[in-house]
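Asker: The structure file structure35.cif (mmCIF, N, CA and C atoms) is provided below.
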```
data_start
loop_
_atom_site.label_atom_id
_atom_site.label_comp_id
_atom_site.auth_asym_id
_atom_site.auth_seq_id
_atom_site.Cartn_x
_atom_site.Cartn_y
_atom_site.Cartn_z
N MET A 514 18.30 -46.19 89.02
CA MET A 514 18.06 -44.79 89.19
C MET A 514 16.54 -44.59 89.19
N ARG A 515 16.02 -43.98 90.19
CA ARG A 515 14.60 -43.69 90.29
C ARG A 515 14.38 -42.26 89.81
N ILE A 516 13.52 -42.08 88.84
CA ILE A 516 13.26 -40.75 88.31
C ILE A 516 11.89 -40.31 88.80
N PRO A 517 11.84 -39.30 89.66
CA PRO A 517 10.55 -38.86 90.18
C PRO A 517 9.73 -38.14 89.12
N THR A 518 8.43 -38.18 89.31
CA THR A 518 7.55 -37.44 88.43
C THR A 518 6.74 -36.47 89.26
N GLU A 519 6.26 -35.42 88.62
CA GLU A 519 5.49 -34.41 89.32
C GLU A 519 3.99 -34.55 89.08
N SER A 520 3.62 -35.26 88.05
CA SER A 520 2.20 -35.39 87.74
C SER A 520 1.99 -36.63 86.90
N ALA A 521 0.79 -36.78 86.41
CA ALA A 521 0.49 -37.94 85.58
C ALA A 521 1.15 -37.85 84.22
N THR A 522 1.56 -36.65 83.80
CA THR A 522 2.25 -36.53 82.52
C THR A 522 3.74 -36.75 82.74
N MET A 523 4.42 -37.17 81.70
CA MET A 523 5.84 -37.43 81.81
C MET A 523 6.60 -36.11 81.89
N THR A 524 7.38 -35.96 82.92
CA THR A 524 8.17 -34.77 83.11
C THR A 524 9.62 -35.05 82.76
N THR A 525 10.40 -34.01 82.67
CA THR A 525 11.83 -34.19 82.49
C THR A 525 12.39 -34.72 83.80
N PRO A 526 13.19 -35.77 83.76
CA PRO A 526 13.73 -36.32 85.01
C PRO A 526 14.50 -35.27 85.80
N ALA A 527 14.40 -35.38 87.11
CA ALA A 527 15.10 -34.45 87.99
C ALA A 527 16.61 -34.54 87.78
N ARG A 528 17.09 -35.68 87.37
CA ARG A 528 18.53 -35.89 87.19
C ARG A 528 18.93 -35.79 85.72
N TRP A 529 18.27 -34.89 84.99
CA TRP A 529 18.53 -34.75 83.56
C TRP A 529 19.97 -34.37 83.27
N ASP A 530 20.63 -33.72 84.20
CA ASP A 530 22.01 -33.29 83.97
C ASP A 530 22.96 -34.46 83.81
N GLU A 531 22.57 -35.66 84.22
CA GLU A 531 23.46 -36.81 84.07
C GLU A 531 23.75 -37.14 82.61
N PRO A 532 22.74 -37.35 81.74
CA PRO A 532 23.10 -37.65 80.35
C PRO A 532 23.76 -36.47 79.66
N THR A 533 23.28 -35.27 79.92
CA THR A 533 23.89 -34.12 79.25
C THR A 533 25.25 -33.81 79.82
N GLY A 534 25.53 -34.26 81.05
CA GLY A 534 26.84 -34.06 81.66
C GLY A 534 27.89 -35.05 81.17
N ILE A 535 27.48 -36.08 80.47
CA ILE A 535 28.42 -37.08 79.96
C ILE A 535 29.29 -36.51 78.86
N SER A 536 28.74 -35.60 78.08
CA SER A 536 29.46 -35.08 76.93
C SER A 536 28.95 -33.70 76.56
N GLU A 537 29.86 -32.86 76.13
CA GLU A 537 29.47 -31.53 75.64
C GLU A 537 28.65 -31.67 74.37
N VAL A 538 28.88 -32.71 73.58
CA VAL A 538 28.08 -32.95 72.37
C VAL A 538 26.61 -33.11 72.76
N LEU A 539 26.34 -33.88 73.81
CA LEU A 539 24.97 -34.07 74.26
C LEU A 539 24.40 -32.79 74.86
N ALA A 540 25.21 -32.09 75.64
CA ALA A 540 24.75 -30.84 76.24
C ALA A 540 24.39 -29.82 75.16
N GLU A 541 25.22 -29.72 74.11
CA GLU A 541 24.94 -28.81 73.01
C GLU A 541 23.64 -29.18 72.30
N ALA A 542 23.45 -30.47 72.07
CA ALA A 542 22.24 -30.94 71.39
C ALA A 542 21.00 -30.61 72.22
N ASP A 543 21.09 -30.79 73.52
CA ASP A 543 19.97 -30.49 74.39
C ASP A 543 19.66 -28.99 74.41
N ARG A 544 20.70 -28.18 74.52
CA ARG A 544 20.49 -26.72 74.51
C ARG A 544 19.84 -26.27 73.20
N ALA A 545 20.31 -26.81 72.08
CA ALA A 545 19.74 -26.45 70.78
C ALA A 545 18.28 -26.88 70.68
N GLU A 546 17.97 -28.05 71.18
CA GLU A 546 16.59 -28.54 71.13
C GLU A 546 15.68 -27.64 71.97
N ILE A 547 16.14 -27.26 73.13
CA ILE A 547 15.35 -26.37 74.00
C ILE A 547 15.15 -25.02 73.31
N GLN A 548 16.20 -24.48 72.76
CA GLN A 548 16.11 -23.18 72.08
C GLN A 548 15.14 -23.25 70.90
N GLY A 549 15.22 -24.31 70.14
CA GLY A 549 14.32 -24.48 69.01
C GLY A 549 12.87 -24.63 69.46
N TRP A 550 12.66 -25.29 70.57
CA TRP A 550 11.33 -25.51 71.11
C TRP A 550 10.73 -24.20 71.62
N ARG A 551 11.54 -23.46 72.34
CA ARG A 551 11.06 -22.23 72.98
C ARG A 551 10.92 -21.08 71.99
N GLY A 552 11.77 -21.02 71.00
CA GLY A 552 11.75 -19.92 70.05
C GLY A 552 12.58 -18.74 70.54
N PRO A 553 12.77 -17.77 69.69
CA PRO A 553 13.68 -16.66 70.00
C PRO A 553 13.20 -15.75 71.12
N ALA A 554 11.91 -15.71 71.41
CA ALA A 554 11.39 -14.79 72.43
C ALA A 554 11.29 -15.45 73.81
N ALA A 555 11.84 -16.65 73.96
CA ALA A 555 11.71 -17.38 75.22
C ALA A 555 12.48 -16.72 76.35
N ARG A 556 11.95 -16.94 77.54
CA ARG A 556 12.62 -16.46 78.76
C ARG A 556 12.98 -17.68 79.59
N ASP A 557 13.89 -17.49 80.53
CA ASP A 557 14.21 -18.57 81.47
C ASP A 557 12.93 -19.00 82.17
N GLY A 558 12.81 -20.28 82.36
CA GLY A 558 11.63 -20.80 83.02
C GLY A 558 10.52 -21.22 82.07
N ASP A 559 10.66 -20.90 80.77
CA ASP A 559 9.65 -21.35 79.81
C ASP A 559 9.72 -22.87 79.69
N ASP A 560 8.69 -23.42 79.11
CA ASP A 560 8.62 -24.87 78.95
C ASP A 560 9.79 -25.42 78.17
N VAL A 561 10.07 -26.69 78.42
CA VAL A 561 11.08 -27.42 77.66
C VAL A 561 10.36 -28.50 76.86
N PRO A 562 11.02 -29.04 75.84
CA PRO A 562 10.38 -30.09 75.04
C PRO A 562 10.09 -31.33 75.89
N PRO A 563 9.16 -32.15 75.45
CA PRO A 563 8.91 -33.42 76.14
C PRO A 563 10.18 -34.27 76.19
N LEU A 564 10.24 -35.13 77.18
CA LEU A 564 11.42 -35.97 77.38
C LEU A 564 11.79 -36.77 76.14
N THR A 565 10.81 -37.34 75.46
CA THR A 565 11.10 -38.14 74.26
C THR A 565 11.76 -37.29 73.19
N VAL A 566 11.32 -36.06 73.04
CA VAL A 566 11.90 -35.16 72.04
C VAL A 566 13.34 -34.83 72.42
N ARG A 567 13.58 -34.58 73.70
CA ARG A 567 14.94 -34.27 74.14
C ARG A 567 15.86 -35.48 73.97
N LEU A 568 15.36 -36.67 74.28
CA LEU A 568 16.16 -37.87 74.10
C LEU A 568 16.46 -38.12 72.62
N ALA A 569 15.52 -37.81 71.75
CA ALA A 569 15.75 -37.96 70.31
C ALA A 569 16.88 -37.05 69.85
N ALA A 570 16.93 -35.84 70.37
CA ALA A 570 18.02 -34.92 70.03
C ALA A 570 19.36 -35.51 70.47
N LEU A 571 19.38 -36.13 71.64
CA LEU A 571 20.62 -36.76 72.12
C LEU A 571 20.99 -37.97 71.27
N GLY A 572 19.99 -38.77 70.91
CA GLY A 572 20.25 -39.94 70.07
C GLY A 572 20.82 -39.55 68.71
N ARG A 573 20.24 -38.52 68.12
CA ARG A 573 20.76 -38.04 66.82
C ARG A 573 22.17 -37.50 66.96
N ALA A 574 22.42 -36.74 68.03
CA ALA A 574 23.75 -36.18 68.25
C ALA A 574 24.78 -37.28 68.43
N PHE A 575 24.42 -38.30 69.18
CA PHE A 575 25.35 -39.42 69.38
C PHE A 575 25.63 -40.12 68.05
N ALA A 576 24.59 -40.37 67.28
CA ALA A 576 24.75 -41.07 66.00
C ALA A 576 25.56 -40.26 64.99
N GLU A 577 25.40 -38.93 65.05
CA GLU A 577 26.12 -38.08 64.11
C GLU A 577 27.58 -37.88 64.48
N ARG A 578 27.92 -38.01 65.76
CA ARG A 578 29.28 -37.71 66.20
C ARG A 578 29.82 -38.77 67.16
N PRO A 579 29.74 -40.04 66.80
CA PRO A 579 30.20 -41.08 67.74
C PRO A 579 31.69 -40.99 68.07
N ALA A 580 32.49 -40.44 67.18
CA ALA A 580 33.92 -40.34 67.43
C ALA A 580 34.23 -39.36 68.56
N ASP A 581 33.28 -38.49 68.89
CA ASP A 581 33.48 -37.54 69.98
C ASP A 581 33.24 -38.15 71.36
N PHE A 582 32.88 -39.43 71.39
CA PHE A 582 32.61 -40.11 72.65
C PHE A 582 33.69 -41.15 72.91
N THR A 583 34.34 -41.05 74.04
CA THR A 583 35.30 -42.07 74.43
C THR A 583 34.54 -43.35 74.76
N PRO A 584 35.21 -44.49 74.77
CA PRO A 584 34.51 -45.71 75.19
C PRO A 584 33.90 -45.59 76.58
N GLU A 585 34.58 -44.89 77.47
CA GLU A 585 34.06 -44.73 78.83
C GLU A 585 32.78 -43.91 78.83
N ARG A 586 32.75 -42.84 78.05
CA ARG A 586 31.54 -42.01 77.99
C ARG A 586 30.40 -42.74 77.31
N THR A 587 30.74 -43.52 76.29
CA THR A 587 29.71 -44.32 75.62
C THR A 587 29.10 -45.31 76.61
N ARG A 588 29.94 -46.00 77.36
CA ARG A 588 29.42 -46.96 78.36
C ARG A 588 28.60 -46.24 79.43
N ALA A 589 29.06 -45.08 79.88
CA ALA A 589 28.33 -44.33 80.90
C ALA A 589 26.95 -43.91 80.39
N LEU A 590 26.89 -43.46 79.15
CA LEU A 590 25.62 -43.05 78.56
C LEU A 590 24.65 -44.22 78.48
N PHE A 591 25.10 -45.33 77.94
CA PHE A 591 24.20 -46.46 77.78
C PHE A 591 23.86 -47.11 79.12
N ARG A 592 24.75 -47.05 80.09
CA ARG A 592 24.45 -47.54 81.43
C ARG A 592 23.33 -46.69 82.06
N LEU A 593 23.42 -45.38 81.89
CA LEU A 593 22.38 -44.49 82.41
C LEU A 593 21.04 -44.76 81.73
N LEU A 594 21.05 -44.92 80.43
CA LEU A 594 19.81 -45.23 79.71
C LEU A 594 19.23 -46.57 80.15
N GLU A 595 20.10 -47.53 80.36
CA GLU A 595 19.66 -48.86 80.81
C GLU A 595 19.08 -48.78 82.22
N ASP A 596 19.76 -48.06 83.10
CA ASP A 596 19.27 -47.91 84.47
C ASP A 596 17.91 -47.24 84.49
N THR A 597 17.72 -46.27 83.62
CA THR A 597 16.44 -45.57 83.54
C THR A 597 15.34 -46.56 83.14
N GLN A 598 15.61 -47.38 82.15
CA GLN A 598 14.62 -48.35 81.71
C GLN A 598 14.33 -49.39 82.79
N ALA A 599 15.37 -49.87 83.44
CA ALA A 599 15.21 -50.91 84.45
C ALA A 599 14.48 -50.40 85.69
N ALA A 600 14.81 -49.19 86.12
CA ALA A 600 14.25 -48.66 87.36
C ALA A 600 12.85 -48.11 87.18
N ASP A 601 12.56 -47.58 86.02
CA ASP A 601 11.32 -46.85 85.85
C ASP A 601 10.33 -47.52 84.91
N GLY A 602 10.69 -48.70 84.45
CA GLY A 602 9.75 -49.48 83.68
C GLY A 602 9.29 -48.83 82.40
N GLU A 603 8.05 -49.14 82.04
CA GLU A 603 7.53 -48.75 80.73
C GLU A 603 7.45 -47.25 80.52
N ARG A 604 7.15 -46.51 81.55
CA ARG A 604 6.97 -45.07 81.40
C ARG A 604 8.19 -44.39 80.81
N TYR A 605 9.33 -44.51 81.46
CA TYR A 605 10.55 -43.90 80.94
C TYR A 605 11.27 -44.82 79.97
N GLY A 606 11.03 -46.10 80.07
CA GLY A 606 11.60 -47.03 79.11
C GLY A 606 11.14 -46.74 77.70
N SER A 607 9.87 -46.40 77.56
CA SER A 607 9.34 -46.04 76.24
C SER A 607 9.98 -44.75 75.73
N ALA A 608 10.23 -43.80 76.62
CA ALA A 608 10.87 -42.55 76.21
C ALA A 608 12.29 -42.83 75.73
N VAL A 609 13.01 -43.70 76.43
CA VAL A 609 14.37 -44.06 76.01
C VAL A 609 14.33 -44.79 74.68
N ALA A 610 13.43 -45.75 74.56
CA ALA A 610 13.35 -46.54 73.33
C ALA A 610 12.97 -45.67 72.14
N THR A 611 11.90 -44.92 72.29
CA THR A 611 11.41 -44.09 71.19
C THR A 611 12.31 -42.89 70.94
N GLY A 612 12.75 -42.26 72.02
CA GLY A 612 13.54 -41.04 71.88
C GLY A 612 14.97 -41.28 71.49
N PHE A 613 15.65 -42.17 72.19
CA PHE A 613 17.10 -42.32 71.95
C PHE A 613 17.42 -43.49 71.02
N LEU A 614 16.85 -44.66 71.29
CA LEU A 614 17.26 -45.86 70.55
C LEU A 614 16.75 -45.87 69.10
N GLU A 615 15.54 -45.43 68.88
CA GLU A 615 15.04 -45.42 67.50
C GLU A 615 15.86 -44.53 66.58
N PRO A 616 16.29 -43.34 67.00
CA PRO A 616 17.18 -42.56 66.13
C PRO A 616 18.50 -43.29 65.84
N LEU A 617 19.01 -44.04 66.82
CA LEU A 617 20.23 -44.81 66.54
C LEU A 617 19.97 -45.89 65.51
N LEU A 618 18.83 -46.56 65.65
CA LEU A 618 18.51 -47.60 64.67
C LEU A 618 18.26 -46.99 63.29
N ASN A 619 17.64 -45.85 63.24
CA ASN A 619 17.46 -45.18 61.94
C ASN A 619 18.80 -44.74 61.36
N ALA A 620 19.70 -44.27 62.21
CA ALA A 620 21.02 -43.86 61.74
C ALA A 620 21.85 -45.06 61.29
N TRP A 621 21.57 -46.22 61.84
CA TRP A 621 22.27 -47.45 61.45
C TRP A 621 22.06 -47.70 59.95
N ASN A 622 20.92 -47.33 59.45
CA ASN A 622 20.64 -47.46 58.01
C ASN A 622 21.32 -46.37 57.20
N LYS A 623 21.93 -45.40 57.89
CA LYS A 623 22.58 -44.27 57.22
C LYS A 623 24.03 -44.16 57.65
N ASP A 624 24.72 -45.26 57.76
CA ASP A 624 26.15 -45.33 58.01
C ASP A 624 26.59 -45.21 59.46
N PHE A 625 25.69 -45.12 60.43
CA PHE A 625 26.12 -45.17 61.83
C PHE A 625 26.45 -46.62 62.16
N ASP A 626 27.60 -46.86 62.78
CA ASP A 626 28.05 -48.21 63.09
C ASP A 626 27.48 -48.67 64.43
N LEU A 627 26.23 -49.11 64.42
CA LEU A 627 25.58 -49.58 65.63
C LEU A 627 26.33 -50.75 66.25
N ARG A 628 26.93 -51.57 65.42
CA ARG A 628 27.65 -52.74 65.93
C ARG A 628 28.79 -52.32 66.86
N SER A 629 29.40 -51.16 66.59
CA SER A 629 30.53 -50.72 67.41
C SER A 629 30.11 -50.36 68.83
N VAL A 630 28.86 -49.96 69.04
CA VAL A 630 28.41 -49.60 70.39
C VAL A 630 27.52 -50.69 71.01
N TRP A 631 27.18 -51.71 70.25
CA TRP A 631 26.30 -52.76 70.75
C TRP A 631 26.76 -53.35 72.08
N PRO A 632 28.04 -53.61 72.28
CA PRO A 632 28.47 -54.15 73.58
C PRO A 632 28.15 -53.23 74.77
N ALA A 633 28.01 -51.95 74.55
CA ALA A 633 27.71 -51.00 75.63
C ALA A 633 26.23 -51.01 76.01
N LEU A 634 25.37 -51.51 75.14
CA LEU A 634 23.94 -51.54 75.42
C LEU A 634 23.62 -52.63 76.42
N GLY A 635 22.72 -52.33 77.34
CA GLY A 635 22.28 -53.32 78.31
C GLY A 635 21.14 -54.15 77.76
N PRO A 636 20.65 -55.11 78.54
CA PRO A 636 19.62 -56.03 78.06
C PRO A 636 18.30 -55.35 77.67
N HIS A 637 17.88 -54.33 78.42
CA HIS A 637 16.64 -53.63 78.06
C HIS A 637 16.80 -52.92 76.71
N SER A 638 17.91 -52.24 76.54
CA SER A 638 18.15 -51.51 75.28
C SER A 638 18.26 -52.47 74.11
N ARG A 639 18.95 -53.57 74.30
CA ARG A 639 19.08 -54.55 73.23
C ARG A 639 17.72 -55.12 72.85
N ALA A 640 16.92 -55.42 73.86
CA ALA A 640 15.58 -55.96 73.59
C ALA A 640 14.75 -54.95 72.81
N CYS A 641 14.86 -53.67 73.16
CA CYS A 641 14.13 -52.63 72.43
C CYS A 641 14.56 -52.58 70.97
N CYS A 642 15.85 -52.67 70.74
CA CYS A 642 16.36 -52.62 69.37
C CYS A 642 15.86 -53.81 68.55
N ARG A 643 15.89 -54.99 69.14
CA ARG A 643 15.41 -56.17 68.42
C ARG A 643 13.91 -56.07 68.17
N ALA A 644 13.16 -55.57 69.16
CA ALA A 644 11.71 -55.41 68.98
C ALA A 644 11.40 -54.39 67.89
N TRP A 645 12.17 -53.31 67.83
CA TRP A 645 11.96 -52.30 66.80
C TRP A 645 12.24 -52.90 65.42
N ASN A 646 13.30 -53.69 65.31
CA ASN A 646 13.59 -54.36 64.04
C ASN A 646 12.42 -55.24 63.63
N ALA A 647 11.90 -56.02 64.57
CA ALA A 647 10.78 -56.91 64.26
C ALA A 647 9.55 -56.10 63.83
N PHE A 648 9.29 -55.01 64.54
CA PHE A 648 8.13 -54.17 64.23
C PHE A 648 8.25 -53.55 62.84
N THR A 649 9.46 -53.12 62.48
CA THR A 649 9.65 -52.44 61.19
C THR A 649 10.00 -53.40 60.06
N GLY A 650 10.16 -54.67 60.37
CA GLY A 650 10.48 -55.65 59.34
C GLY A 650 11.94 -55.68 58.93
N VAL A 651 12.80 -55.09 59.72
CA VAL A 651 14.24 -55.09 59.42
C VAL A 651 14.82 -56.39 59.97
N PRO A 652 15.50 -57.16 59.15
CA PRO A 652 16.11 -58.39 59.64
C PRO A 652 17.15 -58.07 60.74
N THR A 653 17.05 -58.79 61.84
CA THR A 653 18.00 -58.60 62.94
C THR A 653 19.24 -59.44 62.65
N PRO A 654 20.41 -58.79 62.56
CA PRO A 654 21.63 -59.54 62.29
C PRO A 654 22.02 -60.43 63.47
N ASP A 655 22.83 -61.43 63.17
CA ASP A 655 23.26 -62.38 64.21
C ASP A 655 23.95 -61.68 65.38
N TRP A 656 24.73 -60.63 65.12
CA TRP A 656 25.45 -59.99 66.21
C TRP A 656 24.54 -59.27 67.20
N MET A 657 23.26 -59.09 66.85
CA MET A 657 22.30 -58.49 67.76
C MET A 657 21.59 -59.51 68.63
N ARG A 658 21.82 -60.75 68.39
CA ARG A 658 21.08 -61.78 69.16
C ARG A 658 21.79 -62.14 70.43
#
```
Let me see the structure of the file written as C-alpha cells.
Answerer:
Amino acid sequence: MRIPTESATMTTPARWDEPTGISEVLAEADRAEIQGWRGPAARDGDDVPPLTVRLAALGRAFAERPADFTPERTRALFRLLEDTQAADGERYGSAVATGFLEPLLNAWNKDFDLRSVWPALGPHSRACCRAWNAFTGVPTPDWMR
C-alpha cells in the first residue's frame, strides 16, 4: 500500500479509513482521539492529531479490547500495518512502530496477551517488537524469535 504525502511533514494517510474500518472499536478510539485533540469548540475541518498519536490510540484500544476483534479482523489489521511498513519504509514504519506496536508491547507488561496475536504480525512488525525489547532491556521470549 502506497501512502501519499502532501508535504515534508507526515500527514494522515489518504487511506486512513482502512484501519478504522476494520473495527468499530478502532473507529471509536480514533474519533475520541480527534475530539480530545480538537477540544470542545472544534469545527469540521480543524486539524487532527499526528499520525503517530492516532496510531497509539488504536494500539491502546486493541490492547484493551482484544476480545472484540475476530481472528480475521486481527489479521486484517496487522496485514495493513505490515503493508504500510513495507511499502512506505522508515517514514510510516516509524509511525506504526512507535504509535501502534509500542503500546501493545507496553500493554504486554499489563496483562495483554501479545503471544495470542504474534502469529498475525508480519516480519517488519516482529522485527520492531524485538528491537524495542532490545532497546528497553526487556528479555525477548523464545516465542518471539
Asker: For stretch 571-580 of chain A, work out the shell of residues within 7 Å, counting only N, CA and C atoms and skipping chain neighbours fewer than 4 positions away, then give it as a ChimeraX atom specification.
Answerer: /A:538-539,542-543,566-567,612-614,616-617,620,625
Asker: Leaving out stretch 629-642 of chain A and any residue of its chain fewer than 5 positions from it, which residues lie within 8 Å of it when counting only C-alpha atoms, given as a PyMOL selection string?
Answerer: chain A and resi 587-588+591-592+594-595+598-599+610+614-615+618+657
Asker: Which residues are near A:Thr653? Cut-off 8 Å, all atoms listed in the file, ignore same chain within fewer than 5 positions. Put them as a list in words.
Answerer: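 Listed by chain and then number, they are Cys642, Arg643, Asn646, Ala647 and Arg658 of chain A.
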Asker: Atoms to include: N, CA and C atoms. Write the selected residues as a CSV table (one decimal), keeping the file's coordinate frame.
Answerer:
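Final output, selection.csv:
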```csv
chain,number,residue,atom,x,y,z
A,642,CYS,N,15.8,-52.7,70.7
A,642,CYS,CA,16.4,-52.6,69.4
A,642,CYS,C,15.9,-53.8,68.6
A,643,ARG,N,15.9,-55.0,69.1
A,643,ARG,CA,15.4,-56.2,68.4
A,643,ARG,C,13.9,-56.1,68.2
A,646,ASN,N,13.3,-53.7,65.3
A,646,ASN,CA,13.6,-54.4,64.0
A,646,ASN,C,12.4,-55.2,63.6
A,647,ALA,N,11.9,-56.0,64.6
A,647,ALA,CA,10.8,-56.9,64.3
A,647,ALA,C,9.6,-56.1,63.8
A,658,ARG,N,21.8,-60.8,68.4
A,658,ARG,CA,21.1,-61.8,69.2
A,658,ARG,C,21.8,-62.1,70.4
```
Asker: When you draw a straight line from atom CA of A:Ile547 to atom N of A:Pro532, how long is it in Å?
Answerer: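 Straight-line distance from atom CA of A:Ile547 to atom N of A:Pro532 works out to 15.3 Å.
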Asker: In stretch 528-609 of chain A, what's alpha helix (DSSP H) per DSSP? Answer as a PyMOL selection string?
Answerer: chain A and resi 530-535+537-551+564-577+584-608
Asker: Mind pulling up the distance from atom N of A:Ala540 to atom CA of A:Ala554?
Answerer: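 Answer for the atom CA of A:Ala554 to atom N of A:Ala540 separation: 22.4 Å.
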Asker: Report, in Å to a single decimal, how far apart atom CA of A:Trp621 and atom CA of A:Glu531 are.
Answerer: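 Interatomic distance here is 25.0 Å.
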Asker: Have a look at A:Phe648, A:Glu537, A:Glu603, A:Arg628 and name the one nearest to A:Asp581; count only N, CA and C atoms.
Answerer: A:Glu537
Asker: Would you mind completing stretch 634-646 of chain A to N, CA, C and O atoms and writing the output as a compact mmCIF listing (two decimals), in the coordinates of the input?
Answerer:
```txt
# COMPACT_ATOMS: atom_id res chain seq x y z
N LEU A 634 25.37 -51.51 75.14
CA LEU A 634 23.94 -51.54 75.42
C LEU A 634 23.62 -52.63 76.42
O LEU A 634 24.17 -53.73 76.35
N GLY A 635 22.72 -52.33 77.34
CA GLY A 635 22.28 -53.32 78.31
C GLY A 635 21.14 -54.15 77.76
O GLY A 635 20.67 -53.93 76.63
N PRO A 636 20.65 -55.11 78.54
CA PRO A 636 19.62 -56.03 78.06
C PRO A 636 18.30 -55.35 77.67
O PRO A 636 17.67 -55.75 76.70
N HIS A 637 17.88 -54.33 78.42
CA HIS A 637 16.64 -53.63 78.06
C HIS A 637 16.80 -52.92 76.71
O HIS A 637 15.91 -52.98 75.87
N SER A 638 17.91 -52.24 76.54
CA SER A 638 18.15 -51.51 75.28
C SER A 638 18.26 -52.47 74.11
O SER A 638 17.72 -52.20 73.03
N ARG A 639 18.95 -53.57 74.30
CA ARG A 639 19.08 -54.55 73.23
C ARG A 639 17.72 -55.12 72.85
O ARG A 639 17.41 -55.29 71.67
N ALA A 640 16.92 -55.42 73.86
CA ALA A 640 15.58 -55.96 73.59
C ALA A 640 14.75 -54.95 72.81
O ALA A 640 14.01 -55.32 71.89
N CYS A 641 14.86 -53.67 73.16
CA CYS A 641 14.13 -52.63 72.43
C CYS A 641 14.56 -52.58 70.97
O CYS A 641 13.72 -52.45 70.08
N CYS A 642 15.85 -52.67 70.74
CA CYS A 642 16.36 -52.62 69.37
C CYS A 642 15.86 -53.81 68.55
O CYS A 642 15.42 -53.64 67.40
N ARG A 643 15.89 -54.99 69.14
CA ARG A 643 15.41 -56.17 68.42
C ARG A 643 13.91 -56.07 68.17
O ARG A 643 13.42 -56.43 67.09
N ALA A 644 13.16 -55.57 69.16
CA ALA A 644 11.71 -55.41 68.98
C ALA A 644 11.40 -54.39 67.89
O ALA A 644 10.47 -54.59 67.10
N TRP A 645 12.17 -53.31 67.83
CA TRP A 645 11.96 -52.30 66.80
C TRP A 645 12.24 -52.90 65.42
O TRP A 645 11.49 -52.65 64.46
N ASN A 646 13.30 -53.69 65.31
CA ASN A 646 13.59 -54.36 64.04
C ASN A 646 12.42 -55.24 63.63
O ASN A 646 12.00 -55.22 62.47
```
